[in-house]
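Raw protein-v6.txt, compact mmCIF, N, CA and C atoms:
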# COMPACT_ATOMS: atom_id res chain seq x y z
N GLN X 641 -19.38 2.86 -1.46
CA GLN X 641 -20.55 2.26 -2.11
C GLN X 641 -20.47 2.45 -3.61
N VAL X 642 -20.94 1.45 -4.32
CA VAL X 642 -20.99 1.48 -5.78
C VAL X 642 -22.43 1.18 -6.20
N GLN X 643 -22.91 1.95 -7.15
CA GLN X 643 -24.23 1.70 -7.69
C GLN X 643 -24.08 1.21 -9.14
N LEU X 644 -24.88 0.20 -9.48
CA LEU X 644 -24.81 -0.41 -10.81
C LEU X 644 -26.20 -0.41 -11.43
N VAL X 645 -26.27 0.00 -12.68
CA VAL X 645 -27.55 0.03 -13.39
C VAL X 645 -27.38 -0.62 -14.75
N GLU X 646 -28.13 -1.70 -14.99
CA GLU X 646 -28.06 -2.39 -16.27
C GLU X 646 -29.12 -1.86 -17.23
N SER X 647 -28.85 -2.05 -18.51
CA SER X 647 -29.82 -1.76 -19.55
C SER X 647 -29.50 -2.61 -20.77
N GLY X 648 -30.46 -2.68 -21.71
CA GLY X 648 -30.19 -3.34 -22.97
C GLY X 648 -30.80 -4.70 -23.16
N GLY X 649 -31.50 -5.21 -22.17
CA GLY X 649 -32.14 -6.51 -22.34
C GLY X 649 -33.32 -6.42 -23.30
N GLY X 650 -33.88 -7.58 -23.63
CA GLY X 650 -35.03 -7.59 -24.51
C GLY X 650 -35.30 -8.97 -25.07
N LEU X 651 -36.12 -8.99 -26.10
CA LEU X 651 -36.50 -10.23 -26.78
C LEU X 651 -35.81 -10.29 -28.13
N VAL X 652 -35.19 -11.42 -28.42
CA VAL X 652 -34.48 -11.58 -29.68
C VAL X 652 -34.67 -13.01 -30.16
N GLN X 653 -34.60 -13.20 -31.47
CA GLN X 653 -34.70 -14.55 -32.01
C GLN X 653 -33.36 -15.26 -31.90
N ALA X 654 -33.41 -16.57 -31.88
CA ALA X 654 -32.18 -17.36 -31.84
C ALA X 654 -31.29 -16.98 -33.01
N GLY X 655 -30.00 -16.85 -32.73
CA GLY X 655 -29.05 -16.42 -33.74
C GLY X 655 -28.82 -14.93 -33.76
N GLY X 656 -29.66 -14.20 -33.06
CA GLY X 656 -29.54 -12.74 -33.03
C GLY X 656 -28.54 -12.26 -32.01
N SER X 657 -28.50 -10.93 -31.86
CA SER X 657 -27.52 -10.29 -30.97
C SER X 657 -28.20 -9.27 -30.08
N LEU X 658 -27.60 -9.05 -28.92
CA LEU X 658 -27.99 -7.99 -28.00
C LEU X 658 -26.73 -7.46 -27.34
N ARG X 659 -26.78 -6.20 -26.92
CA ARG X 659 -25.69 -5.65 -26.13
C ARG X 659 -26.26 -5.11 -24.83
N LEU X 660 -25.73 -5.64 -23.74
CA LEU X 660 -26.11 -5.16 -22.41
C LEU X 660 -25.10 -4.13 -21.94
N SER X 661 -25.59 -3.17 -21.17
CA SER X 661 -24.73 -2.14 -20.59
C SER X 661 -24.89 -2.15 -19.08
N CYS X 662 -23.83 -1.79 -18.38
CA CYS X 662 -23.87 -1.64 -16.93
C CYS X 662 -23.11 -0.37 -16.58
N ALA X 663 -23.84 0.61 -16.08
CA ALA X 663 -23.23 1.88 -15.69
C ALA X 663 -22.92 1.85 -14.21
N ALA X 664 -21.68 2.14 -13.87
CA ALA X 664 -21.24 2.15 -12.47
C ALA X 664 -21.05 3.58 -12.00
N SER X 665 -21.45 3.84 -10.77
CA SER X 665 -21.24 5.16 -10.17
C SER X 665 -20.90 4.99 -8.70
N GLY X 666 -20.44 6.07 -8.10
CA GLY X 666 -20.04 6.02 -6.70
C GLY X 666 -18.56 5.77 -6.57
N ASP X 667 -18.16 4.94 -5.64
CA ASP X 667 -16.76 4.68 -5.33
C ASP X 667 -16.17 3.63 -6.27
N THR X 668 -16.16 3.95 -7.57
CA THR X 668 -15.69 2.98 -8.57
C THR X 668 -14.19 2.71 -8.45
N PHE X 669 -13.45 3.61 -7.80
CA PHE X 669 -12.01 3.38 -7.63
C PHE X 669 -11.73 2.20 -6.71
N SER X 670 -12.74 1.77 -5.96
CA SER X 670 -12.55 0.63 -5.06
C SER X 670 -12.71 -0.71 -5.77
N MET X 671 -13.18 -0.69 -7.01
CA MET X 671 -13.49 -1.95 -7.70
C MET X 671 -12.24 -2.61 -8.26
N TYR X 672 -12.17 -3.93 -8.11
CA TYR X 672 -11.10 -4.70 -8.72
C TYR X 672 -11.57 -5.36 -10.02
N ALA X 673 -12.84 -5.68 -10.08
CA ALA X 673 -13.37 -6.38 -11.26
C ALA X 673 -14.86 -6.15 -11.35
N MET X 674 -15.36 -6.36 -12.56
CA MET X 674 -16.80 -6.37 -12.78
C MET X 674 -17.16 -7.61 -13.56
N ALA X 675 -18.40 -8.02 -13.42
CA ALA X 675 -18.80 -9.28 -14.04
C ALA X 675 -20.27 -9.25 -14.42
N TRP X 676 -20.62 -10.20 -15.26
CA TRP X 676 -22.01 -10.49 -15.59
C TRP X 676 -22.34 -11.89 -15.09
N PHE X 677 -23.47 -11.98 -14.44
CA PHE X 677 -24.04 -13.26 -14.05
C PHE X 677 -25.44 -13.35 -14.66
N ARG X 678 -25.98 -14.56 -14.71
CA ARG X 678 -27.35 -14.72 -15.19
C ARG X 678 -28.06 -15.78 -14.37
N GLN X 679 -29.37 -15.65 -14.34
CA GLN X 679 -30.18 -16.62 -13.62
C GLN X 679 -31.45 -16.88 -14.39
N ALA X 680 -31.63 -18.13 -14.78
CA ALA X 680 -32.84 -18.56 -15.47
C ALA X 680 -33.85 -19.04 -14.43
N PRO X 681 -35.13 -19.06 -14.77
CA PRO X 681 -36.16 -19.51 -13.82
C PRO X 681 -35.86 -20.92 -13.31
N GLY X 682 -35.90 -21.07 -12.00
CA GLY X 682 -35.68 -22.37 -11.39
C GLY X 682 -34.24 -22.82 -11.34
N GLU X 683 -33.33 -21.94 -11.80
CA GLU X 683 -31.92 -22.30 -11.83
C GLU X 683 -31.13 -21.42 -10.87
N GLU X 684 -29.92 -21.87 -10.56
CA GLU X 684 -29.04 -21.04 -9.74
C GLU X 684 -28.38 -19.98 -10.60
N ARG X 685 -27.98 -18.92 -9.96
CA ARG X 685 -27.25 -17.87 -10.65
C ARG X 685 -25.93 -18.44 -11.15
N GLU X 686 -25.56 -18.11 -12.39
CA GLU X 686 -24.32 -18.62 -12.95
C GLU X 686 -23.46 -17.50 -13.52
N PHE X 687 -22.19 -17.72 -13.45
CA PHE X 687 -21.20 -16.80 -13.98
C PHE X 687 -21.25 -16.79 -15.50
N VAL X 688 -21.13 -15.61 -16.09
CA VAL X 688 -21.11 -15.46 -17.54
C VAL X 688 -19.74 -14.95 -18.01
N ALA X 689 -19.33 -13.81 -17.49
CA ALA X 689 -18.06 -13.21 -17.92
C ALA X 689 -17.63 -12.17 -16.89
N ALA X 690 -16.33 -11.91 -16.85
CA ALA X 690 -15.80 -10.90 -15.93
C ALA X 690 -14.62 -10.20 -16.57
N MET X 691 -14.33 -9.02 -16.05
CA MET X 691 -13.17 -8.30 -16.52
C MET X 691 -12.52 -7.57 -15.37
N SER X 692 -11.19 -7.47 -15.43
CA SER X 692 -10.48 -6.67 -14.45
C SER X 692 -10.80 -5.21 -14.68
N TRP X 693 -10.93 -4.48 -13.60
CA TRP X 693 -11.17 -3.05 -13.73
C TRP X 693 -9.86 -2.27 -13.77
N ARG X 694 -8.72 -3.00 -13.64
CA ARG X 694 -7.43 -2.32 -13.58
C ARG X 694 -6.44 -2.86 -14.60
N SER X 695 -6.89 -3.80 -15.43
CA SER X 695 -6.04 -4.33 -16.50
C SER X 695 -6.95 -4.79 -17.63
N ASP X 696 -6.37 -5.48 -18.60
CA ASP X 696 -7.15 -5.96 -19.75
C ASP X 696 -7.63 -7.40 -19.58
N ASN X 697 -7.46 -7.97 -18.41
CA ASN X 697 -7.85 -9.37 -18.21
C ASN X 697 -9.36 -9.55 -18.32
N THR X 698 -9.75 -10.62 -19.01
CA THR X 698 -11.16 -11.01 -19.11
C THR X 698 -11.27 -12.52 -18.91
N TRP X 699 -12.44 -12.94 -18.48
CA TRP X 699 -12.71 -14.36 -18.24
C TRP X 699 -14.15 -14.65 -18.71
N TYR X 700 -14.34 -15.87 -19.23
CA TYR X 700 -15.64 -16.25 -19.76
C TYR X 700 -16.03 -17.64 -19.30
N ALA X 701 -17.33 -17.86 -19.14
CA ALA X 701 -17.84 -19.21 -18.97
C ALA X 701 -17.70 -19.95 -20.29
N ASP X 702 -17.47 -21.24 -20.22
CA ASP X 702 -17.31 -22.04 -21.44
C ASP X 702 -18.54 -21.94 -22.33
N SER X 703 -19.70 -21.81 -21.71
CA SER X 703 -20.95 -21.82 -22.48
C SER X 703 -21.12 -20.59 -23.36
N VAL X 704 -20.37 -19.53 -23.09
CA VAL X 704 -20.52 -18.30 -23.87
C VAL X 704 -19.25 -17.92 -24.62
N LYS X 705 -18.18 -18.64 -24.38
CA LYS X 705 -16.90 -18.29 -25.01
C LYS X 705 -17.03 -18.34 -26.52
N GLY X 706 -16.54 -17.30 -27.17
CA GLY X 706 -16.64 -17.22 -28.62
C GLY X 706 -17.91 -16.57 -29.11
N ARG X 707 -18.89 -16.41 -28.25
CA ARG X 707 -20.15 -15.77 -28.63
C ARG X 707 -20.36 -14.43 -27.92
N PHE X 708 -19.92 -14.34 -26.68
CA PHE X 708 -20.10 -13.13 -25.88
C PHE X 708 -18.75 -12.43 -25.71
N THR X 709 -18.81 -11.10 -25.65
CA THR X 709 -17.61 -10.30 -25.42
C THR X 709 -17.89 -9.26 -24.35
N ILE X 710 -17.06 -9.26 -23.31
CA ILE X 710 -17.18 -8.27 -22.25
C ILE X 710 -16.18 -7.17 -22.53
N SER X 711 -16.58 -5.92 -22.32
CA SER X 711 -15.68 -4.82 -22.61
C SER X 711 -16.04 -3.61 -21.75
N ARG X 712 -15.13 -2.62 -21.80
CA ARG X 712 -15.33 -1.39 -21.06
C ARG X 712 -15.51 -0.27 -22.05
N GLY X 713 -16.43 0.61 -21.75
CA GLY X 713 -16.74 1.67 -22.68
C GLY X 713 -15.75 2.81 -22.64
N TYR X 714 -15.85 3.67 -23.64
CA TYR X 714 -15.00 4.87 -23.71
C TYR X 714 -15.23 5.72 -22.47
N ALA X 715 -16.50 5.85 -22.07
CA ALA X 715 -16.81 6.41 -20.76
C ALA X 715 -16.48 5.31 -19.78
N LYS X 716 -15.39 5.44 -19.08
CA LYS X 716 -14.74 4.31 -18.43
C LYS X 716 -15.56 3.61 -17.37
N ASN X 717 -16.62 4.17 -16.90
CA ASN X 717 -17.41 3.52 -15.87
C ASN X 717 -18.61 2.77 -16.44
N ILE X 718 -18.50 2.37 -17.69
CA ILE X 718 -19.55 1.57 -18.31
C ILE X 718 -18.95 0.27 -18.80
N MET X 719 -19.64 -0.82 -18.50
CA MET X 719 -19.22 -2.15 -18.94
C MET X 719 -20.29 -2.67 -19.89
N TYR X 720 -19.84 -3.38 -20.92
CA TYR X 720 -20.76 -3.93 -21.90
C TYR X 720 -20.64 -5.45 -21.95
N LEU X 721 -21.70 -6.08 -22.40
CA LEU X 721 -21.68 -7.49 -22.75
C LEU X 721 -22.33 -7.61 -24.12
N GLN X 722 -21.50 -7.83 -25.13
CA GLN X 722 -22.01 -8.05 -26.48
C GLN X 722 -22.30 -9.52 -26.63
N MET X 723 -23.55 -9.83 -26.93
CA MET X 723 -23.97 -11.22 -27.03
C MET X 723 -24.40 -11.51 -28.46
N ASN X 724 -23.65 -12.40 -29.10
CA ASN X 724 -23.95 -12.80 -30.48
C ASN X 724 -24.35 -14.27 -30.52
N SER X 725 -24.93 -14.66 -31.64
CA SER X 725 -25.33 -16.06 -31.83
C SER X 725 -26.12 -16.57 -30.63
N LEU X 726 -27.09 -15.80 -30.21
CA LEU X 726 -27.85 -16.15 -29.01
C LEU X 726 -28.67 -17.41 -29.21
N LYS X 727 -28.79 -18.15 -28.13
CA LYS X 727 -29.53 -19.42 -28.12
C LYS X 727 -30.66 -19.33 -27.09
N PRO X 728 -31.70 -20.12 -27.26
CA PRO X 728 -32.78 -20.11 -26.27
C PRO X 728 -32.29 -20.36 -24.85
N GLU X 729 -31.26 -21.16 -24.71
CA GLU X 729 -30.72 -21.44 -23.37
C GLU X 729 -29.99 -20.25 -22.76
N ASP X 730 -29.82 -19.19 -23.50
CA ASP X 730 -29.25 -17.96 -22.94
C ASP X 730 -30.31 -17.12 -22.23
N THR X 731 -31.56 -17.52 -22.35
CA THR X 731 -32.65 -16.78 -21.71
C THR X 731 -32.48 -16.77 -20.20
N ALA X 732 -32.46 -15.56 -19.62
CA ALA X 732 -32.24 -15.41 -18.18
C ALA X 732 -32.33 -13.93 -17.82
N VAL X 733 -32.33 -13.68 -16.53
CA VAL X 733 -32.11 -12.32 -16.03
C VAL X 733 -30.60 -12.14 -15.88
N TYR X 734 -30.07 -11.13 -16.53
CA TYR X 734 -28.64 -10.84 -16.50
C TYR X 734 -28.38 -9.70 -15.53
N SER X 735 -27.42 -9.92 -14.63
CA SER X 735 -27.07 -8.91 -13.64
C SER X 735 -25.59 -8.60 -13.71
N CYS X 736 -25.26 -7.35 -13.54
CA CYS X 736 -23.84 -7.00 -13.43
C CYS X 736 -23.46 -6.89 -11.96
N ALA X 737 -22.19 -7.11 -11.69
CA ALA X 737 -21.70 -7.12 -10.32
C ALA X 737 -20.31 -6.53 -10.27
N ALA X 738 -19.95 -6.01 -9.12
CA ALA X 738 -18.63 -5.42 -8.92
C ALA X 738 -17.99 -6.01 -7.67
N ALA X 739 -16.71 -6.29 -7.79
CA ALA X 739 -15.94 -6.84 -6.67
C ALA X 739 -15.02 -5.77 -6.12
N ALA X 740 -15.11 -5.56 -4.80
CA ALA X 740 -14.29 -4.53 -4.15
C ALA X 740 -13.49 -5.07 -2.98
N ARG X 741 -13.79 -6.28 -2.50
CA ARG X 741 -13.07 -6.82 -1.34
C ARG X 741 -11.81 -7.56 -1.72
N PHE X 742 -11.88 -8.32 -2.83
CA PHE X 742 -10.82 -9.26 -3.14
C PHE X 742 -10.00 -8.80 -4.34
N GLU X 743 -8.75 -8.43 -4.08
CA GLU X 743 -7.88 -7.95 -5.15
C GLU X 743 -7.66 -9.02 -6.22
N HIS X 744 -7.68 -10.30 -5.83
CA HIS X 744 -7.41 -11.35 -6.80
C HIS X 744 -8.47 -11.42 -7.89
N CYS X 745 -9.63 -10.83 -7.65
CA CYS X 745 -10.68 -10.83 -8.68
C CYS X 745 -10.21 -10.06 -9.91
N GLY X 746 -9.31 -9.12 -9.72
CA GLY X 746 -8.80 -8.36 -10.85
C GLY X 746 -7.62 -9.03 -11.52
N GLY X 747 -6.97 -9.96 -10.81
CA GLY X 747 -5.80 -10.61 -11.38
C GLY X 747 -6.06 -11.99 -11.93
N TYR X 748 -6.89 -12.75 -11.22
CA TYR X 748 -7.10 -14.15 -11.58
C TYR X 748 -8.56 -14.46 -11.94
N GLY X 749 -9.43 -13.51 -11.70
CA GLY X 749 -10.83 -13.73 -12.01
C GLY X 749 -11.58 -14.34 -10.85
N CYS X 750 -12.80 -13.89 -10.65
CA CYS X 750 -13.68 -14.45 -9.63
C CYS X 750 -14.94 -14.94 -10.31
N TYR X 751 -15.34 -16.14 -9.98
CA TYR X 751 -16.43 -16.80 -10.69
C TYR X 751 -17.64 -17.08 -9.80
N ARG X 752 -17.52 -16.80 -8.52
CA ARG X 752 -18.61 -17.08 -7.59
C ARG X 752 -19.30 -15.78 -7.19
N SER X 753 -20.61 -15.84 -7.09
CA SER X 753 -21.36 -14.63 -6.82
C SER X 753 -21.02 -14.04 -5.46
N ASN X 754 -20.63 -14.86 -4.50
CA ASN X 754 -20.33 -14.33 -3.16
C ASN X 754 -19.00 -13.60 -3.09
N GLU X 755 -18.28 -13.57 -4.20
CA GLU X 755 -17.05 -12.79 -4.26
C GLU X 755 -17.30 -11.37 -4.74
N TYR X 756 -18.53 -11.09 -5.08
CA TYR X 756 -18.90 -9.77 -5.58
C TYR X 756 -19.72 -9.03 -4.54
N ASP X 757 -19.49 -7.72 -4.47
CA ASP X 757 -20.05 -6.93 -3.38
C ASP X 757 -21.25 -6.08 -3.77
N TYR X 758 -21.30 -5.70 -5.02
CA TYR X 758 -22.37 -4.80 -5.46
C TYR X 758 -23.05 -5.42 -6.67
N TRP X 759 -24.36 -5.21 -6.73
CA TRP X 759 -25.16 -5.81 -7.79
C TRP X 759 -26.14 -4.81 -8.38
N GLY X 760 -26.37 -4.96 -9.67
CA GLY X 760 -27.43 -4.20 -10.31
C GLY X 760 -28.76 -4.91 -10.13
N GLN X 761 -29.80 -4.31 -10.69
CA GLN X 761 -31.14 -4.84 -10.48
C GLN X 761 -31.48 -5.96 -11.46
N GLY X 762 -30.70 -6.10 -12.52
CA GLY X 762 -30.93 -7.16 -13.49
C GLY X 762 -31.74 -6.69 -14.68
N THR X 763 -31.51 -7.34 -15.81
CA THR X 763 -32.26 -7.04 -17.02
C THR X 763 -32.59 -8.36 -17.72
N GLN X 764 -33.81 -8.48 -18.20
CA GLN X 764 -34.29 -9.73 -18.79
C GLN X 764 -33.81 -9.86 -20.23
N VAL X 765 -33.28 -11.03 -20.54
CA VAL X 765 -32.94 -11.39 -21.91
C VAL X 765 -33.74 -12.64 -22.26
N THR X 766 -34.51 -12.56 -23.33
CA THR X 766 -35.32 -13.69 -23.76
C THR X 766 -34.97 -14.00 -25.21
N VAL X 767 -34.58 -15.25 -25.46
CA VAL X 767 -34.22 -15.68 -26.80
C VAL X 767 -35.25 -16.70 -27.26
N SER X 768 -35.95 -16.37 -28.32
CA SER X 768 -36.99 -17.26 -28.83
C SER X 768 -36.42 -18.19 -29.90
N SER X 769 -36.98 -19.37 -29.97
CA SER X 769 -36.48 -20.36 -30.94
C SER X 769 -37.21 -20.26 -32.27
Would you mind giving the structure from this file in structure tokens?
Amino acid sequence: QVQLVESGGGLVQAGGSLRLSCAASGDTFSMYAMAWFRQAPGEEREFVAAMSWRSDNTWYADSVKGRFTISRGYAKNIMYLQMNSLKPEDTAVYSCAAAARFEHCGGYGCYRSNEYDYWGQGTQVTVSS
């Protein structure tokens, strides 16, 4: 079992920045990848970014490429999402997720929520115009 806890959400003006954190605990050695997803009201959950937990591979949605950066902290069981140049359309609940079943998630990236096994509770990000 893996437990995930997000933090760092909040309210920011368009053009501003936020950094989200996701602390992982438990059987983290079983993880192949971690990711951020987001869900806006009335919308489906969508992929934002992912990273391999065993290499330097990262993957991004086109909508955030060049603005968001996913990384791993010095304390190795923490994942970050640095979000710059935020737009009102980035407003959503952001959740971190961990993949433990599919090894390919660490090599080629997994973009669908059903490929991830563990989820955090989510943190709200609101970008005002």
### Task
Would you please extract all strand (DSSP E) residues from segment 641-760 of chain X, as assigned by DSSP on the backbone, and give them as a PyMOL selection string?
chain X and resi 642-647+650-653+658-666+673-679+686-692+698-700+708-712+718-723+732-739+758-759
### Query
Looking at all atoms listed in the file, which of X:Cys736, X:Val642, X:Cys750, X:Ala663 is the one that sits closest to Phe677 of chain X?
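Looking at the shortest contact to Phe677 of chain X, the residue is X:Cys736.
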### Message
Please determine, counting only C-alpha atoms, which residue among X:Gln764, X:Leu644, X:Gly747, X:Gly655 has the shortest atom-to-atom distance to Ala732 of chain X.
### Response
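Selected residue with least distance to Ala732 of chain X: X:Gln764.
The nearest approach to Tyr748 of chain X among the residues X:Leu660, X:Gln653, X:Met671, X:Ser692, with only N, CA and C atoms taken into account, belongs to X:Ser692.
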### Message
Need the shell around Val652 of chain X: protein/DNA/RNA residues with any atom at most 7 Å away, counting only C-alpha atoms. Skip same-chain ones fewer than 2 positions apart. Format as a list in words?
### Response
Gly650, Ala654, Gly656, Thr766, Val767 and Ser768 of chain X
What does the file look like for those residues with N, CA and C atoms, as a PDB file, keeping the file's coordinate frame?
ATOM      1  N   GLY X 650     -33.880  -7.580 -23.630  1.00  0.00           N
ATOM      2  CA  GLY X 650     -35.030  -7.590 -24.510  1.00  0.00           C
ATOM      3  C   GLY X 650     -35.300  -8.970 -25.070  1.00  0.00           C
ATOM      4  N   ALA X 654     -33.410 -16.570 -31.880  1.00  0.00           N
ATOM      5  CA  ALA X 654     -32.180 -17.360 -31.840  1.00  0.00           C
ATOM      6  C   ALA X 654     -31.290 -16.980 -33.010  1.00  0.00           C
ATOM      7  N   GLY X 656     -29.660 -14.200 -33.060  1.00  0.00           N
ATOM      8  CA  GLY X 656     -29.540 -12.740 -33.030  1.00  0.00           C
ATOM      9  C   GLY X 656     -28.540 -12.260 -32.010  1.00  0.00           C
ATOM     10  N   THR X 766     -34.510 -12.560 -23.330  1.00  0.00           N
ATOM     11  CA  THR X 766     -35.320 -13.690 -23.760  1.00  0.00           C
ATOM     12  C   THR X 766     -34.970 -14.000 -25.210  1.00  0.00           C
ATOM     13  N   VAL X 767     -34.580 -15.250 -25.460  1.00  0.00           N
ATOM     14  CA  VAL X 767     -34.220 -15.680 -26.800  1.00  0.00           C
ATOM     15  C   VAL X 767     -35.250 -16.700 -27.260  1.00  0.00           C
ATOM     16  N   SER X 768     -35.950 -16.370 -28.320  1.00  0.00           N
ATOM     17  CA  SER X 768     -36.990 -17.260 -28.830  1.00  0.00           C
ATOM     18  C   SER X 768     -36.420 -18.190 -29.900  1.00  0.00           C
TER      19      SER X 768
END
### Message
Taking only C-alpha atoms into account, name the residue in X:Lys727, X:Arg752, X:His744, X:Lys716 that is nearest to Ala689 of chain X.
### Response
X:Arg752
Neighbour list for Cys662 of chain X as a tab-separated table (two decimals) with N, CA and C atoms, in the coordinates of the input, cut-off 10 Å, only C-alpha atoms, skip fewer than 4 positions in-chain:
chain	number	residue	atom	x	y	z
X	643	GLN	N	-22.91	1.95	-7.15
X	643	GLN	CA	-24.23	1.70	-7.69
X	643	GLN	C	-24.08	1.21	-9.14
X	644	LEU	N	-24.88	0.20	-9.48
X	644	LEU	CA	-24.81	-0.41	-10.81
X	644	LEU	C	-26.20	-0.41	-11.43
X	645	VAL	N	-26.27	0.00	-12.68
X	645	VAL	CA	-27.55	0.03	-13.39
X	645	VAL	C	-27.38	-0.62	-14.75
X	646	GLU	N	-28.13	-1.70	-14.99
X	646	GLU	CA	-28.06	-2.39	-16.27
X	646	GLU	C	-29.12	-1.86	-17.23
X	647	SER	N	-28.85	-2.05	-18.51
X	647	SER	CA	-29.82	-1.76	-19.55
X	647	SER	C	-29.50	-2.61	-20.77
X	648	GLY	N	-30.46	-2.68	-21.71
X	648	GLY	CA	-30.19	-3.34	-22.97
X	648	GLY	C	-30.80	-4.70	-23.16
X	674	MET	N	-15.36	-6.36	-12.56
X	674	MET	CA	-16.80	-6.37	-12.78
X	674	MET	C	-17.16	-7.61	-13.56
X	675	ALA	N	-18.40	-8.02	-13.42
X	675	ALA	CA	-18.80	-9.28	-14.04
X	675	ALA	C	-20.27	-9.25	-14.42
X	676	TRP	N	-20.62	-10.20	-15.26
X	676	TRP	CA	-22.01	-10.49	-15.59
X	676	TRP	C	-22.34	-11.89	-15.09
X	712	ARG	N	-15.13	-2.62	-21.80
X	712	ARG	CA	-15.33	-1.39	-21.06
X	712	ARG	C	-15.51	-0.27	-22.05
X	713	GLY	N	-16.43	0.61	-21.75
X	713	GLY	CA	-16.74	1.67	-22.68
X	713	GLY	C	-15.75	2.81	-22.64
X	717	ASN	N	-16.62	4.17	-16.90
X	717	ASN	CA	-17.41	3.52	-15.87
X	717	ASN	C	-18.61	2.77	-16.44
X	718	ILE	N	-18.50	2.37	-17.69
X	718	ILE	CA	-19.55	1.57	-18.31
X	718	ILE	C	-18.95	0.27	-18.80
X	719	MET	N	-19.64	-0.82	-18.50
X	719	MET	CA	-19.22	-2.15	-18.94
X	719	MET	C	-20.29	-2.67	-19.89
X	720	TYR	N	-19.84	-3.38	-20.92
X	720	TYR	CA	-20.76	-3.93	-21.90
X	720	TYR	C	-20.64	-5.45	-21.95
X	721	LEU	N	-21.70	-6.08	-22.40
X	721	LEU	CA	-21.68	-7.49	-22.75
X	721	LEU	C	-22.33	-7.61	-24.12
X	735	SER	N	-27.42	-9.92	-14.63
X	735	SER	CA	-27.07	-8.91	-13.64
X	735	SER	C	-25.59	-8.60	-13.71
X	736	CYS	N	-25.26	-7.35	-13.54
X	736	CYS	CA	-23.84	-7.00	-13.43
X	736	CYS	C	-23.46	-6.89	-11.96
X	737	ALA	N	-22.19	-7.11	-11.69
X	737	ALA	CA	-21.70	-7.12	-10.32
X	737	ALA	C	-20.31	-6.53	-10.27
X	760	GLY	N	-26.37	-4.96	-9.67
X	760	GLY	CA	-27.43	-4.20	-10.31
X	760	GLY	C	-28.76	-4.91	-10.13
X	762	GLY	N	-30.70	-6.10	-12.52
X	762	GLY	CA	-30.93	-7.16	-13.49
X	762	GLY	C	-31.74	-6.69	-14.68
X	763	THR	N	-31.51	-7.34	-15.81
X	763	THR	CA	-32.26	-7.04	-17.02
X	763	THR	C	-32.59	-8.36	-17.72
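Going from atom CA of Arg685 of chain X over to atom CA of Val733 of chain X, you cover 9.1 Å.
In this comparison, which uses only C-alpha atoms, the residue of X:Ala690, X:Ala701, X:Ile710, X:Ala739 approaching Gln722 of chain X most closely is X:Ile710.
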